[in-house]
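The file entry.pdb contains PDB, C-alpha atoms:
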```
MODEL        1
ATOM      1  CA  MET W   1      80.540-189.556  72.848
ATOM      2  CA  LYS W   2      81.817-193.111  72.359
ATOM      3  CA  GLY W   3      85.593-193.424  72.209
ATOM      4  CA  ILE W   4      86.292-190.024  73.779
ATOM      5  CA  PRO W   5      87.008-189.817  77.521
ATOM      6  CA  SER W   6      84.415-187.812  79.390
ATOM      7  CA  SER W   7      87.135-185.645  80.965
ATOM      8  CA  THR W   8      87.552-183.991  77.578
ATOM      9  CA  TYR W   9      84.140-182.359  77.911
ATOM     10  CA  PHE W  10      82.817-179.809  80.343
ATOM     11  CA  HIS W  11      79.517-180.931  81.850
ATOM     12  CA  VAL W  12      78.971-177.558  83.493
ATOM     13  CA  PRO W  13      79.917-174.106  82.176
ATOM     14  CA  PRO W  14      83.643-173.539  82.840
ATOM     15  CA  ASP W  15      82.894-169.948  83.896
ATOM     16  CA  TRP W  16      85.724-168.535  81.850
ATOM     17  CA  GLY W  17      85.941-164.763  82.034
ATOM     18  CA  TRP W  18      88.318-161.922  81.311
ATOM     19  CA  LEU W  19      91.449-163.744  82.450
ATOM     20  CA  ILE W  20      90.872-166.412  79.804
ATOM     21  CA  VAL W  21      90.056-163.793  77.161
ATOM     22  CA  PHE W  22      93.412-162.106  77.816
ATOM     23  CA  TYR W  23      95.101-165.523  77.999
ATOM     24  CA  PHE W  24      93.802-166.412  74.535
ATOM     25  CA  PHE W  25      94.870-162.999  73.213
ATOM     26  CA  PHE W  26      98.435-163.083  74.548
ATOM     27  CA  GLY W  27      98.780-166.764  73.672
ATOM     28  CA  GLY W  28      97.868-165.937  70.084
ATOM     29  CA  LEU W  29     100.445-163.134  70.032
ATOM     30  CA  ALA W  30     103.123-165.396  71.506
ATOM     31  CA  GLY W  31     102.661-168.140  68.932
ATOM     32  CA  GLY W  32     101.987-165.841  66.002
ATOM     33  CA  CYS W  33     104.946-163.484  66.555
ATOM     34  CA  TYR W  34     107.368-166.380  66.999
ATOM     35  CA  PHE W  35     106.111-168.155  63.877
ATOM     36  CA  LEU W  36     106.381-164.960  61.804
ATOM     37  CA  ALA W  37     109.883-164.331  63.169
ATOM     38  CA  VAL W  38     110.942-167.816  62.057
ATOM     39  CA  LEU W  39     109.548-167.215  58.562
ATOM     40  CA  ILE W  40     111.401-163.896  58.275
ATOM     41  CA  ASP W  41     114.644-165.447  59.541
ATOM     42  CA  PHE W  42     114.492-168.270  56.984
ATOM     43  CA  PHE W  43     112.985-166.508  53.985
ATOM     44  CA  GLY W  44     113.447-162.778  54.572
ATOM     45  CA  ARG W  45     116.168-160.402  53.427
ATOM     46  CA  PRO W  46     119.270-159.806  55.561
ATOM     47  CA  GLU W  47     118.107-156.242  56.217
ATOM     48  CA  ASP W  48     114.851-157.612  57.668
ATOM     49  CA  ARG W  49     116.690-159.424  60.465
ATOM     50  CA  PRO W  50     115.728-156.771  63.082
ATOM     51  CA  LEU W  51     112.066-157.411  62.232
ATOM     52  CA  ALA W  52     112.451-161.117  63.005
ATOM     53  CA  ARG W  53     114.288-160.200  66.190
ATOM     54  CA  LEU W  54     111.289-158.094  67.180
ATOM     55  CA  GLY W  55     109.044-161.143  66.867
ATOM     56  CA  TYR W  56     111.215-163.154  69.256
ATOM     57  CA  LEU W  57     111.356-160.252  71.717
ATOM     58  CA  ILE W  58     107.538-160.067  71.735
ATOM     59  CA  SER W  59     106.906-163.795  71.941
ATOM     60  CA  PHE W  60     108.579-164.761  75.205
ATOM     61  CA  PRO W  61     107.014-162.015  77.396
ATOM     62  CA  CYS W  62     103.618-162.953  75.939
ATOM     63  CA  VAL W  63     104.246-166.600  76.906
ATOM     64  CA  ILE W  64     105.015-165.508  80.465
ATOM     65  CA  ILE W  65     101.860-163.367  80.613
ATOM     66  CA  SER W  66      99.797-166.266  79.227
ATOM     67  CA  GLY W  67     101.142-168.652  81.843
ATOM     68  CA  ILE W  68     100.416-166.216  84.667
ATOM     69  CA  LEU W  69      96.869-165.582  83.450
ATOM     70  CA  LEU W  70      96.162-169.300  83.081
ATOM     71  CA  THR W  71      97.543-170.024  86.554
ATOM     72  CA  VAL W  72      95.637-167.225  88.265
ATOM     73  CA  ASP W  73      92.392-168.384  86.638
ATOM     74  CA  LEU W  74      92.664-171.801  88.322
ATOM     75  CA  HIS W  75      90.474-172.312  91.374
ATOM     76  CA  ARG W  76      93.619-173.335  93.263
ATOM     77  CA  PRO W  77      96.485-171.429  91.559
ATOM     78  CA  GLU W  78      99.081-172.906  93.904
ATOM     79  CA  ARG W  79      98.346-176.306  92.348
ATOM     80  CA  PHE W  80      99.138-175.270  88.804
ATOM     81  CA  TRP W  81     101.952-177.833  88.702
ATOM     82  CA  HIS W  82      99.343-180.593  88.933
ATOM     83  CA  MET W  83      98.707-179.921  85.219
ATOM     84  CA  LEU W  84     102.225-181.205  84.531
ATOM     85  CA  LEU W  85     103.094-183.611  87.375
ATOM     86  CA  GLU W  86     101.179-186.213  89.341
ATOM     87  CA  SER W  87     100.810-185.049  92.930
ATOM     88  CA  ASN W  88     101.596-188.474  94.434
ATOM     89  CA  THR W  89     104.399-189.802  92.244
ATOM     90  CA  PHE W  90     105.683-186.535  90.730
ATOM     91  CA  GLN W  91     105.791-188.292  87.391
ATOM     92  CA  PRO W  92     104.800-186.347  84.278
ATOM     93  CA  MET W  93     101.034-185.860  83.991
ATOM     94  CA  PHE W  94     100.342-186.279  80.297
ATOM     95  CA  LYS W  95      96.887-187.069  78.910
ATOM     96  CA  TYR W  96      97.116-187.355  75.131
ATOM     97  CA  TRP W  97      93.302-187.273  74.846
ATOM     98  CA  SER W  98      92.946-184.025  76.792
ATOM     99  CA  PRO W  99      93.431-180.707  74.941
ATOM    100  CA  MET W 100      93.984-179.062  78.336
ATOM    101  CA  SER W 101      96.876-181.412  79.136
ATOM    102  CA  LEU W 102      98.331-181.158  75.637
ATOM    103  CA  GLY W 103      98.052-177.387  75.761
ATOM    104  CA  SER W 104      99.800-177.147  79.127
ATOM    105  CA  TRP W 105     102.758-179.181  77.911
ATOM    106  CA  ALA W 106     102.865-177.359  74.576
ATOM    107  CA  LEU W 107     102.888-174.002  76.361
ATOM    108  CA  LEU W 108     105.722-175.172  78.636
ATOM    109  CA  ILE W 109     107.860-176.540  75.785
ATOM    110  CA  PHE W 110     107.146-173.550  73.578
ATOM    111  CA  GLY W 111     108.085-171.292  76.491
ATOM    112  CA  LEU W 112     111.496-172.984  76.633
ATOM    113  CA  PHE W 113     112.179-172.512  72.918
ATOM    114  CA  SER W 114     110.874-168.951  72.909
ATOM    115  CA  PHE W 115     113.172-168.197  75.866
ATOM    116  CA  LEU W 116     116.202-169.460  73.932
ATOM    117  CA  SER W 117     115.240-167.360  70.920
ATOM    118  CA  PHE W 118     114.575-164.401  73.219
ATOM    119  CA  LEU W 119     118.128-164.643  74.593
ATOM    120  CA  ALA W 120     119.522-164.895  71.069
ATOM    121  CA  ALA W 121     117.542-161.809  70.038
ATOM    122  CA  LEU W 122     118.863-159.870  73.046
ATOM    123  CA  ALA W 123     122.429-160.858  72.156
ATOM    124  CA  ASP W 124     121.868-160.002  68.506
ATOM    125  CA  SER W 125     120.674-156.509  69.466
ATOM    126  CA  GLY W 126     123.647-155.978  71.787
ATOM    127  CA  ARG W 127     121.575-155.839  74.970
ATOM    128  CA  ILE W 128     123.466-158.753  76.495
ATOM    129  CA  ASN W 129     127.091-159.576  75.814
ATOM    130  CA  TRP W 130     126.818-163.332  75.352
ATOM    131  CA  SER W 131     128.359-164.028  71.973
ATOM    132  CA  GLY W 132     127.655-167.774  72.105
ATOM    133  CA  VAL W 133     123.932-167.187  72.590
ATOM    134  CA  ARG W 134     123.648-165.757  69.078
ATOM    135  CA  ARG W 135     124.043-169.278  67.697
ATOM    136  CA  LEU W 136     120.601-170.091  69.123
ATOM    137  CA  ARG W 137     119.091-168.208  66.198
ATOM    138  CA  PRO W 138     119.372-168.820  62.429
ATOM    139  CA  PRO W 139     121.323-168.957  60.160
ATOM    140  CA  GLY W 140     123.370-171.399  62.262
ATOM    141  CA  THR W 141     122.480-175.088  62.466
ATOM    142  CA  ILE W 142     121.620-175.011  66.168
ATOM    143  CA  GLY W 143     119.568-171.856  65.738
ATOM    144  CA  GLY W 144     117.790-173.354  62.739
ATOM    145  CA  ILE W 145     116.799-176.482  64.681
ATOM    146  CA  ILE W 146     115.571-174.389  67.620
ATOM    147  CA  SER W 147     113.542-172.139  65.335
ATOM    148  CA  ILE W 148     111.945-175.018  63.417
ATOM    149  CA  ILE W 149     110.897-176.914  66.546
ATOM    150  CA  GLY W 150     109.848-173.703  68.292
ATOM    151  CA  GLY W 151     107.912-172.642  65.219
ATOM    152  CA  LEU W 152     105.934-175.889  65.203
ATOM    153  CA  PHE W 153     105.005-175.449  68.855
ATOM    154  CA  ALA W 154     104.230-171.780  68.174
ATOM    155  CA  PHE W 155     101.739-172.796  65.491
ATOM    156  CA  TYR W 156     100.132-175.255  67.900
ATOM    157  CA  VAL W 157      99.912-172.724  70.734
ATOM    158  CA  ALA W 158      98.375-170.130  68.413
ATOM    159  CA  GLY W 159      95.503-172.416  67.462
ATOM    160  CA  TYR W 160      94.993-174.861  70.299
ATOM    161  CA  THR W 161      92.858-172.403  72.283
ATOM    162  CA  GLY W 162      90.236-172.597  69.558
ATOM    163  CA  VAL W 163      90.479-176.386  69.573
ATOM    164  CA  LEU W 164      90.145-176.363  73.363
ATOM    165  CA  LEU W 165      86.878-174.463  73.059
ATOM    166  CA  ALA W 166      85.649-176.712  70.248
ATOM    167  CA  VAL W 167      85.853-179.881  72.367
ATOM    168  CA  THR W 168      83.603-178.523  75.117
ATOM    169  CA  ASN W 169      79.850-179.027  75.219
ATOM    170  CA  ARG W 170      79.092-175.308  75.256
ATOM    171  CA  PRO W 171      76.904-173.738  72.569
ATOM    172  CA  ILE W 172      78.856-171.987  69.791
ATOM    173  CA  TRP W 173      82.190-173.480  70.910
ATOM    174  CA  SER W 174      81.324-177.079  70.062
ATOM    175  CA  ASP W 175      79.061-176.467  67.083
ATOM    176  CA  SER W 176      81.666-175.717  64.401
ATOM    177  CA  PRO W 177      84.901-177.467  63.371
ATOM    178  CA  LEU W 178      86.399-174.143  62.262
ATOM    179  CA  LEU W 179      87.055-172.463  65.615
ATOM    180  CA  GLY W 180      90.666-173.673  65.770
ATOM    181  CA  MET W 181      91.336-172.435  62.247
ATOM    182  CA  LEU W 182      89.745-169.080  63.073
ATOM    183  CA  PHE W 183      92.029-168.640  66.078
ATOM    184  CA  VAL W 184      95.142-169.613  64.070
ATOM    185  CA  VAL W 185      94.400-167.106  61.310
ATOM    186  CA  SER W 186      93.497-164.436  63.843
ATOM    187  CA  ALA W 187      96.751-165.057  65.738
ATOM    188  CA  ALA W 188      98.686-164.482  62.521
ATOM    189  CA  SER W 189      96.840-161.227  61.760
ATOM    190  CA  ILE W 190      97.173-159.686  65.230
ATOM    191  CA  SER W 191     100.832-160.737  65.485
ATOM    192  CA  ALA W 192     101.705-159.141  62.154
ATOM    193  CA  ALA W 193      99.777-156.040  63.234
ATOM    194  CA  LEU W 194     101.690-155.735  66.519
ATOM    195  CA  MET W 195     105.048-156.173  64.782
ATOM    196  CA  ILE W 196     104.081-153.486  62.248
ATOM    197  CA  LEU W 197     103.009-151.101  65.012
ATOM    198  CA  LEU W 198     106.260-151.487  66.939
ATOM    199  CA  ALA W 199     108.363-151.263  63.789
ATOM    200  CA  GLU W 200     106.592-148.041  62.799
ATOM    201  CA  ARG W 201     107.081-146.687  66.305
ATOM    202  CA  ASN W 202     110.830-147.302  65.966
ATOM    203  CA  ARG W 203     110.729-145.631  62.529
ATOM    204  CA  TRP W 204     112.199-148.676  60.826
ATOM    205  CA  THR W 205     112.288-148.532  57.036
ATOM    206  CA  MET W 206     113.332-152.052  56.029
ATOM    207  CA  PRO W 207     111.345-153.514  53.093
ATOM    208  CA  GLY W 208     110.056-156.346  55.268
ATOM    209  CA  ILE W 209     107.593-153.985  56.960
ATOM    210  CA  ALA W 210     105.724-153.401  53.695
ATOM    211  CA  ASP W 211     105.853-157.135  52.981
ATOM    212  CA  LEU W 212     104.465-157.871  56.443
ATOM    213  CA  HIS W 213     101.668-155.373  55.879
ATOM    214  CA  ARG W 214     100.744-156.924  52.521
ATOM    215  CA  MET W 215     100.757-160.362  54.100
ATOM    216  CA  ASP W 216      98.547-159.116  56.926
ATOM    217  CA  VAL W 217      96.033-157.814  54.375
ATOM    218  CA  TRP W 218      95.754-161.253  52.785
ATOM    219  CA  ILE W 219      95.553-162.951  56.192
ATOM    220  CA  LEU W 220      92.845-160.499  57.236
ATOM    221  CA  ALA W 221      90.824-161.310  54.113
ATOM    222  CA  LEU W 222      91.226-165.022  54.869
ATOM    223  CA  GLU W 223      90.173-164.429  58.475
ATOM    224  CA  LEU W 224      86.994-162.740  57.288
ATOM    225  CA  ILE W 225      86.212-165.739  55.062
ATOM    226  CA  VAL W 226      86.891-168.197  57.893
ATOM    227  CA  LEU W 227      84.746-166.163  60.294
ATOM    228  CA  VAL W 228      81.822-166.197  57.858
ATOM    229  CA  ALA W 229      82.275-169.940  57.322
ATOM    230  CA  PHE W 230      82.439-170.451  61.087
ATOM    231  CA  LEU W 231      79.126-168.642  61.571
ATOM    232  CA  ILE W 232      77.481-170.583  58.736
ATOM    233  CA  THR W 233      78.603-173.957  60.109
ATOM    234  CA  LEU W 234      76.969-173.155  63.450
ATOM    235  CA  GLY W 235      73.631-174.036  61.879
ATOM    236  CA  PRO W 236      70.645-173.347  64.150
ATOM    237  CA  VAL W 237      73.017-172.255  66.937
ATOM    238  CA  PHE W 238      73.680-169.138  64.862
ATOM    239  CA  ARG W 239      70.586-167.692  66.548
ATOM    240  CA  ALA W 240      72.702-167.323  69.696
ATOM    241  CA  TRP W 241      74.367-164.353  68.003
ATOM    242  CA  PHE W 242      71.028-162.486  67.919
ATOM    243  CA  SER W 243      72.149-160.714  71.064
ATOM    244  CA  VAL W 244      74.420-157.951  72.241
ATOM    245  CA  TRP W 245      77.388-160.226  71.551
ATOM    246  CA  GLY W 246      76.308-160.551  67.949
ATOM    247  CA  VAL W 247      76.373-156.767  67.669
ATOM    248  CA  VAL W 248      79.826-156.723  69.261
ATOM    249  CA  LEU W 249      81.019-159.363  66.785
ATOM    250  CA  LEU W 250      79.620-157.476  63.804
ATOM    251  CA  LEU W 251      80.734-153.967  64.711
ATOM    252  CA  GLY W 252      83.879-154.698  66.714
ATOM    253  CA  VAL W 253      85.334-157.583  64.709
ATOM    254  CA  VAL W 254      83.921-157.516  61.186
ATOM    255  CA  VAL W 255      83.599-153.762  60.673
ATOM    256  CA  LEU W 256      86.238-152.229  62.952
ATOM    257  CA  GLY W 257      88.781-155.043  62.977
ATOM    258  CA  MET W 258      88.501-156.305  59.373
ATOM    259  CA  LEU W 259      86.636-154.141  56.863
ATOM    260  CA  VAL W 260      88.071-150.782  57.961
ATOM    261  CA  PRO W 261      91.708-152.042  57.948
ATOM    262  CA  LEU W 262      91.132-153.597  54.518
ATOM    263  CA  PHE W 263      89.738-150.271  53.278
ATOM    264  CA  LEU W 264      92.719-148.366  54.705
ATOM    265  CA  SER W 265      95.075-150.744  52.931
ATOM    266  CA  TRP W 266      93.166-150.357  49.681
ATOM    267  CA  ARG W 267      93.385-146.533  49.944
ATOM    268  CA  ARG W 268      97.025-146.598  50.999
ATOM    269  CA  ASP W 269      98.299-144.235  48.299
ATOM    270  CA  ARG W 270      95.862-141.462  49.224
ATOM    271  CA  LEU W 271      96.041-141.828  52.984
ATOM    272  CA  GLY W 272      99.835-141.950  53.241
ATOM    273  CA  GLY W 273     101.782-143.592  56.067
ATOM    274  CA  LEU W 274      98.889-143.229  58.513
ATOM    275  CA  ASN W 275      97.192-146.337  57.155
ATOM    276  CA  TYR W 276      99.936-148.709  58.376
ATOM    277  CA  THR W 277      99.596-147.641  61.978
ATOM    278  CA  ALA W 278      95.830-147.160  61.957
ATOM    279  CA  SER W 279      94.994-150.456  60.262
ATOM    280  CA  ALA W 280      97.431-152.389  62.479
ATOM    281  CA  ALA W 281      95.905-150.873  65.627
ATOM    282  CA  LEU W 282      92.388-151.739  64.460
ATOM    283  CA  VAL W 283      93.397-155.318  63.638
ATOM    284  CA  LEU W 284      94.740-155.726  67.172
ATOM    285  CA  ILE W 285      91.555-154.330  68.688
ATOM    286  CA  GLY W 286      89.414-156.535  66.462
ATOM    287  CA  GLY W 287      91.434-159.630  67.402
ATOM    288  CA  PHE W 288      90.878-158.985  71.082
ATOM    289  CA  ILE W 289      87.152-158.358  70.572
ATOM    290  CA  LEU W 290      86.895-161.614  68.604
ATOM    291  CA  ARG W 291      88.167-163.612  71.566
ATOM    292  CA  MET W 292      85.997-161.628  73.954
ATOM    293  CA  ALA W 293      82.865-162.235  71.877
ATOM    294  CA  VAL W 294      83.543-165.963  71.395
ATOM    295  CA  VAL W 295      84.395-166.663  75.046
ATOM    296  CA  LEU W 296      81.939-164.392  76.846
ATOM    297  CA  GLY W 297      79.219-164.773  74.214
ATOM    298  CA  ALA W 298      79.099-168.553  74.661
ATOM    299  CA  GLU W 299      79.196-168.205  78.454
ATOM    300  CA  ALA W 300      76.143-165.923  78.248
ATOM    301  CA  VAL W 301      74.053-168.499  76.341
TER     302      VAL W 301
ENDMDL
END
```
Rewrite the structure of this file - the entire thing - as structure tokens.
Amino acid sequence: MKGIPSSTYFHVPPDWGWLIVFYFFFGGLAGGCYFLAVLIDFFGRPEDRPLARLGYLISFPCVIISGILLTVDLHRPERFWHMLLESNTFQPMFKYWSPMSLGSWALLIFGLFSFLSFLAALADSGRINWSGVRRLRPPGTIGGIISIIGGLFAFYVAGYTGVLLAVTNRPIWSDSPLLGMLFVVSAASISAALMILLAERNRWTMPGIADLHRMDVWILALELIVLVAFLITLGPVFRAWFSVWGVVLLLGVVVLGMLVPLFLSWRRDRLGGLNYTASAALVLIGGFILRMAVVLGAEAV
């Protein structure tokens, strides 16, 4: 396309497999959990502070896992630093027109901010005795700045994988402008689900858990709408889903990962506390299957 460097597009299938599926999944969790933690820190109740801390404690390990998966998937993993530095001059390698380059730098910078928040969360929970580190988290000024900047990069990391797919020349990936939005909304839903699961496992009773569950219900409904819109905007390419991957998308994502959790939330009063854990687990499974179907389904076309 005129005006867009050819390096932005794949001219042959990138042969992305399970490593990239897991990379997209953990990257979504990293960005989503951090962003939710920032929202809880700024707008939540004081008693919900442990819930925000949980988000920071999840985010940084997921960033590390994402980086490892992305590096291992390279044909020459030992050259992963070439994504960031020029091999001859060792100057920063930054291509503003390349989603791959932008994503690499965003992941690195976000990793730094998530690490700072991770240390602050450890200090806040008493796991490390570094009193000064607690200032790296709100409500202090330094912590507020770190959280705001980190939250912006978290939002980018959560959605850029969908954008990365959208700028390729592969069927399905490049045929809808909504793939990035779908991945952002999905990252929010699976991150809220994981935080709910871990909070329930720790038997926490703070009011923020119920708020997080209600928010996840609305996000899940939005995700279903975006997914339907994404499929509609594919146009004739929609026929590519008339395959086993279409069945996986319908049963694994729409039914198991969206409709059943929404039903469990709707019947919350009759089903008791089981619905929190069950619906959160199903949302997580559905989020993983979504990435699997989108990545592997397009590769199979």
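Using all atoms listed in the file for every distance, the candidate list W:Gly287, W:Gly31, W:Pro46, W:Pro236 yields W:Pro46 as the residue closest to Pro139 in chain W.
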- Message: Using only C-alpha atoms for the distances, tell me which of W:Ser114, W:Ser174, W:Ser279, W:Ser186 is nearest to Arg214 in chain W.
- Response: W:Ser279
- Query: Hey, can you pull every residue with an atom no more than 8 Å from (99.3, -164.9, 66.6), using all atoms listed in the file, and send it as a PyMOL selection string?
  - Reply: chain W and resi 27-33+158+184-192
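Straight-line separation from CA of Phe35 in chain W to CA of Ala154 in chain W: 5.9 Å.
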- Could you tell me which residues the PyMOL selection byres ((chain W and resi 242-252) around 12) grabs in this file, written as a PyMOL selection string? chain W and resi 172+224+227-228+231+236-241+253-260+282-301
Expected file: the selected residues, C-alpha atoms, as a PDB file, in the coordinates of the input:
```pdb
ATOM      1  CA  ILE W 172      78.856-171.987  69.791  1.00  0.00           C
ATOM      2  CA  LEU W 224      86.994-162.740  57.288  1.00  0.00           C
ATOM      3  CA  LEU W 227      84.746-166.163  60.294  1.00  0.00           C
ATOM      4  CA  VAL W 228      81.822-166.197  57.858  1.00  0.00           C
ATOM      5  CA  LEU W 231      79.126-168.642  61.571  1.00  0.00           C
ATOM      6  CA  PRO W 236      70.645-173.347  64.150  1.00  0.00           C
ATOM      7  CA  VAL W 237      73.017-172.255  66.937  1.00  0.00           C
ATOM      8  CA  PHE W 238      73.680-169.138  64.862  1.00  0.00           C
ATOM      9  CA  ARG W 239      70.586-167.692  66.548  1.00  0.00           C
ATOM     10  CA  ALA W 240      72.702-167.323  69.696  1.00  0.00           C
ATOM     11  CA  TRP W 241      74.367-164.353  68.003  1.00  0.00           C
ATOM     12  CA  VAL W 253      85.334-157.583  64.709  1.00  0.00           C
ATOM     13  CA  VAL W 254      83.921-157.516  61.186  1.00  0.00           C
ATOM     14  CA  VAL W 255      83.599-153.762  60.673  1.00  0.00           C
ATOM     15  CA  LEU W 256      86.238-152.229  62.952  1.00  0.00           C
ATOM     16  CA  GLY W 257      88.781-155.043  62.977  1.00  0.00           C
ATOM     17  CA  MET W 258      88.501-156.305  59.373  1.00  0.00           C
ATOM     18  CA  LEU W 259      86.636-154.141  56.863  1.00  0.00           C
ATOM     19  CA  VAL W 260      88.071-150.782  57.961  1.00  0.00           C
ATOM     20  CA  LEU W 282      92.388-151.739  64.460  1.00  0.00           C
ATOM     21  CA  VAL W 283      93.397-155.318  63.638  1.00  0.00           C
ATOM     22  CA  LEU W 284      94.740-155.726  67.172  1.00  0.00           C
ATOM     23  CA  ILE W 285      91.555-154.330  68.688  1.00  0.00           C
ATOM     24  CA  GLY W 286      89.414-156.535  66.462  1.00  0.00           C
ATOM     25  CA  GLY W 287      91.434-159.630  67.402  1.00  0.00           C
ATOM     26  CA  PHE W 288      90.878-158.985  71.082  1.00  0.00           C
ATOM     27  CA  ILE W 289      87.152-158.358  70.572  1.00  0.00           C
ATOM     28  CA  LEU W 290      86.895-161.614  68.604  1.00  0.00           C
ATOM     29  CA  ARG W 291      88.167-163.612  71.566  1.00  0.00           C
ATOM     30  CA  MET W 292      85.997-161.628  73.954  1.00  0.00           C
ATOM     31  CA  ALA W 293      82.865-162.235  71.877  1.00  0.00           C
ATOM     32  CA  VAL W 294      83.543-165.963  71.395  1.00  0.00           C
ATOM     33  CA  VAL W 295      84.395-166.663  75.046  1.00  0.00           C
ATOM     34  CA  LEU W 296      81.939-164.392  76.846  1.00  0.00           C
ATOM     35  CA  GLY W 297      79.219-164.773  74.214  1.00  0.00           C
ATOM     36  CA  ALA W 298      79.099-168.553  74.661  1.00  0.00           C
ATOM     37  CA  GLU W 299      79.196-168.205  78.454  1.00  0.00           C
ATOM     38  CA  ALA W 300      76.143-165.923  78.248  1.00  0.00           C
ATOM     39  CA  VAL W 301      74.053-168.499  76.341  1.00  0.00           C
TER      40      VAL W 301
END
```
- Message: Quick check, in Å to one decimal: how far apart do CA of Phe118 in chain W and CA of Tyr56 in chain W lie?
- Response: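 CA of Tyr56 in chain W lies at a distance of 5.3 Å from CA of Phe118 in chain W.
Here CA of Ala221 in chain W and CA of Ile148 in chain W stand 26.8 Å from one another.
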- Distance criterion (only C-alpha atoms): nearest to Tyr23 in chain W out of W:Ile58, W:Phe113, W:Leu152, W:Ile64: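 Result for the nearest residue to Tyr23 in chain W: W:Ile64.
Using all atoms listed in the file, the nearest neighbour of Gly143 in chain W within the list W:Ile20, W:Ile196, W:Ser117, W:Asn202 is W:Ser117.
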- Message: Since I can't run it myself right now, could you work out what the PyMOL selection byres ((chain W and resi 19) around 9) selects here and report it as a PyMOL selection string?
- Response: chain W and resi 16-18+20-24+69-70+72-73
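With all atoms listed in the file as the atoms that count, the minimum distance from Gly44 in chain W to the choices W:Ile128, W:Phe60, W:Met206, W:Gly151 is reached by W:Met206.
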Write out as AutoDock Vina command-line options an axis-aligned box for range 146-156 of chain W: all of its atoms listed in the file, 8 Å added on each side, centre and edge lengths in Å with one decimal.
```
--center_x 107.9 --center_y -174.3 --center_z 66.1 --size_x 31.4 --size_y 21.1 --size_z 21.4
```
- Query: Which residue gives the smallest distance to Gly55 in chain W among W:Ala123, W:Leu222, W:Ile145, W:Ala199, with all atoms listed in the file counted?
  - Reply: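 The closest residue to Gly55 in chain W is W:Ala199.
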- Message: What would the selection look like, as a list in words, if the PyMOL selection byres ((chain W and resi 52) around 10) were run on the coordinates I just shared?
- Response: Cys33, Tyr34, Phe35, Leu36, Ala37, Val38, Leu39, Ile40, Asp41, Phe42, Gly44, Asp48, Arg49, Pro50, Leu51, Arg53, Leu54, Gly55, Tyr56, Leu57, Ala121, Met195 and Gly208 of chain W
